[in-house]
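This report concerns only the one structure given below.
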Amino acid sequence: MSESTLIKSVVVCADDYAINAPTSQGIVALCVLGRLSATSVMVHAPRWPEDAAALREMRAQLDVGLHLDWTSSFAQQAGFGRSLRSVMWRSCWGGFRGLAVRDEIERQLDAFEAHWQAPPDHVDGHQHVQQFAGLREALCEVLLRRYGTHPTRPWLRVSRVSQVGLKAQVISTMGARALQAWAQQHNWPCVAPLLGAYGFDGSLNDYRQHMQRWLLDAPAGDQPALIMCHPAASAHAEDDIGPARAREFAYLASHDFVQDLRDAGVRLVRGSGQPTHIS
């Protein structure tokens with residue numbers, strides 16, 4: 001398919017940058033190939049100060065944002081994090097209130113900016129916590145205060161999953177509509193719908209088939225959809241989804257991915273809509 005007939009724009013965002021060495025290495029390698037247009041950072045990971053430097057050369061070609069975290073082992077070791085089940089329960093019952101929540105969001109943004117030396121291009125959430133009730137309101141308040149007058153404000157990922165299945169439904173119902181409504185009310189940039197949810201199982205070919213479906217399901221038009229991915233150059237021994245990360249990397253680094261983009265009429269763009277060059 002020729003460049004002139006491309007009809008869809010998609011942000012392909014690699015989550016979990018800095019969670020471990022193979023993940024950071026894989027994301028950087030895919031950035032060099034132009035196979036990603038965004039990545040999201042785990043700032044409580046001990047590797048973030050070191051791994052920030054590896055992204056700087058790609059700064060002009062992809063969005064780098066905060067992966068707001070309340071559920072990882074890093075968050076739990078820091079004393080404020082909980083399991084995903086616990087965070088979801090607490091969110092549903094109004095347990096996230098007060099200054100402590102806003103302070104932690106500020107700390108994560110501070111940690112991002114300290115090593116990136118700039119505000120994030122976007123904000124999303126590890127396991128989609130950015131849109132959970134209580135965390136969502138605090139995040140919106142902090143973003144409005146910190147970046148509301150900036151000429152380029154960080155875009156928000158709205159995890160409104162445009163897929164069938166229970167996992168997709170649960171993600172969407174945990175606050176996607178409310179987050180998108182806030183963004184519209186405040187004229188805040190956001191990217192939706194979200195694609196890329198699956199069980200982190202199956203073969204390399206299964207993942208390719210997932211991606212082919214997501215690319216076909218991405219809506220046409222000027223506003224991009226977002227496909228999240230979780231690649232790593234190899235499987236880390238202590239990573240529960242390490243094998244899935246390695247499969248994702250193998251596919252995204254292959255010519256098959258480039259061909260699937262062409263077949264679906266998709267171009268990779270940043271959250272601003274700026275195209276990414278694929279090599």
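Every chain in the structure tokens has a letter given in the order shown (A, B, ...), and although residue numbers restart at 1 in each chain, ligands are simply numbered from 1 in the order shown.
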
message: When you look at Glu113 in chain A with a cut-off of 12 Å (counting only C-alpha atoms), what residues show up, excluding the ones that are within fewer than 6 positions of it in the same chain? I need them as a list of chain:residue names.
response: A:Val41, A:Val43, A:Trp48, A:Pro49, A:Ala52, A:Val64, A:Gly65, A:Leu66, A:Glu106, A:Arg107, A:Pro119, A:Pro120, A:Asp121, A:Arg146

- prompt: Can you tell me, as a ChimeraX atom specification, what residues are no more than 12 Å from Thr149 in chain A when counting only C-alpha atoms, ignoring any on the same chain fewer than 4 positions away?
  reply: /A:143-145,153-154,186-188

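Across A:Thr39, A:Gln130, A:Asn205, A:Thr152, the tightest approach to Arg247 in chain A is made by A:Asn205 when counting only C-alpha atoms.
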
message: Can you pull out the residues contacting Asp63 in chain A? Cut-off 9 Å, using only C-alpha atoms, and skip same-chain residues under 5 positions away; I want them as a PyMOL selection string.
response: chain A and resi 13+37-40+120-122+270-272

Could you write those residues out with C-alpha atoms, as a PDB file, in the first residue's frame?
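Ended up saving to part-v9.pdb:
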ATOM      1  CA  CYS A  13       3.392   2.328  22.738  1.00  0.00           C
ATOM      2  CA  SER A  37       6.063   5.684  18.413  1.00  0.00           C
ATOM      3  CA  ALA A  38       5.871   5.897  22.220  1.00  0.00           C
ATOM      4  CA  THR A  39       7.135   4.300  25.401  1.00  0.00           C
ATOM      5  CA  SER A  40       6.026   4.614  29.022  1.00  0.00           C
ATOM      6  CA  PRO A 120       6.435  13.694  29.965  1.00  0.00           C
ATOM      7  CA  ASP A 121       4.953  13.624  26.477  1.00  0.00           C
ATOM      8  CA  HIS A 122       2.090  11.571  27.873  1.00  0.00           C
ATOM      9  CA  ARG A 270       3.133   9.899  17.941  1.00  0.00           C
ATOM     10  CA  GLY A 271       0.325  11.096  20.179  1.00  0.00           C
ATOM     11  CA  SER A 272       0.498  14.469  18.453  1.00  0.00           C
TER      12      SER A 272
END

- request: Could you give me, as number ranges by chain, the residues within 9 Å of Gln223 in chain A, counting only C-alpha atoms and dropping anything in the same chain fewer than 5 positions from it?
  value: A: 8-10, 191-192, 273

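Atom pair CA of Ile105 in chain A / CA of Val158 in chain A has a distance of 17.5 Å (rounded to one decimal).
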
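Atom to atom, CA of Ala60 in chain A and CA of Leu215 in chain A stand 24.5 Å apart.
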
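The coordinates place CA of Ser159 in chain A at 14.0 Å from CA of Ala218 in chain A.
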
Helix (DSSP H, G or I) positions in range 25-232 of chain A, given as a ChimeraX atom specification: /A:25-33,48-58,73-78,84-92,99-116,126-131,135-147,166-173,176-185,204-217

field: In range 25-253 of chain A, DSSP strand (DSSP E or B) residues written as a PyMOL selection string
entry: chain A and resi 38-41+63-68+122-125+155-157+161+190-191+194-195+225-229
